[in-house]
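These notes are about the structure you will find just below.
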Amino acid sequence: MRLTTKGRFAVTAMIDLALRQDKGPVTLAAISQRQDISLSYLEQLFGKLRRHEIVESVRGPGGGYNLARKAQHVTVADIIIAVDEPLDATQCGGKGNCHGSDHANGLHCMTHDLWATLNAKMVDYLDSVSLQDLVNQQKQKTSENQVVVMHSQHVSHTAP
């Protein structure tokens with residue numbers, strides 16, 4: 001079980017968008033450059049995000065993308081599900097045929113319930129983290145880095 005590139009890139013791009021949309025629509029080309037994600041890949045992801053009404057596109061000069069709803073109303077689970085990212089740790093993909101469809105008794109594998117419970121916990125956790133939470137986290141990191149840089153510059157200027 002692991003979150004694939006598709007889910008990670010979608011969440012990263014959405015954080016980038018949410019951080020910058022107050023200045024107007026954000027272009028995929030700008031996100032692509034800042035986050036080092038292929039433009040064509042972003043176009044695919046944002047098509048899915050738009051169909052799930054997580055983002056909206058603005059056409060024409062100065063166009064790009066905005067969030068379709070407030071960042072606090074978009075969860076990481078919303079984003080990942082929108083881009084068709086499976087959140088499933090079971091061997092059977094949640095189908096219940098862990099041993100294969102031609103297995104004699106068709107029972108779940110011995111660890112099916114463990115992995116199914118993990119799936120539920122993952123979805124609950126990702127559903128509890130909003131895009132706004134991630135934006136706030138990035139803003140906090142940025143302000144902490146600026147303080148460190150300013151402190152370092154101040155120290156170096158005062159040294160003999």
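Letters A, B, ... mark the chains of the structure tokens in the order given; residue numbers begin at 1 per chain; ligand numbers begin at 1, in order shown.
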- Considering only C-alpha atoms, return as number ranges by chain whatever protein or nucleic-acid residues lie within 10 Å of Leu28 of chain A, sequence-local ones (same chain, fewer than 2 positions apart) excluded. A: 13, 17, 25-26, 30-34, 37-43, 46, 63-65
- Message: If we count only C-alpha atoms and set the cut-off at 6 Å, which residues sit around segment 47-51 of chain A, ignoring sequence neighbours fewer than 4 positions away in its own chain? Please answer as number ranges by chain.
- Response: A: 55-56, 82-83
- Message: Between atom CA of Asp124 of chain A and atom CA of Gly7 of chain A, what is the distance in Å, rounded to a tenth?
- Response: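 Separation of atom CA of Asp124 of chain A and atom CA of Gly7 of chain A: 16.3 Å.
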- Task: Run DSSP on the backbone of this structure and report the residues of segment 9-147 of chain A it assigns to alpha helix (DSSP H), as a ChimeraX atom specification.
- Result: /A:9-20,28-35,39-51,76-82,112-128,131-147
- Task: Counting only C-alpha atoms, figure out which residue out of A:Leu134, A:Ala18, A:Leu118, A:Val11 gets nearest to Lys70 of chain A.
- Result: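 For Lys70 of chain A, the nearest of the candidates is A:Ala18.
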- Query: Hey, can you check how far atom CA of Val123 of chain A sits from atom CA of Lys141 of chain A?
  - Reply: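 Taking atom CA of Val123 of chain A as the start and atom CA of Lys141 of chain A as the end point, the length is 25.7 Å.
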- Skip Ser130 of chain A itself and residues of its chain fewer than 2 positions away, then list as a list in words all residues within 12 Å of it, counting only C-alpha atoms. Val11, Met14, Ile15, Ala18, Arg69, Lys70, Ala71, Gln72, His73, Val74, Thr75, Val76, Ala77, Asp78, Ile79, Asp124, Tyr125, Leu126, Asp127, Ser128, Gln132, Asp133, Leu134, Val135, Asn136 and Gln137 of chain A
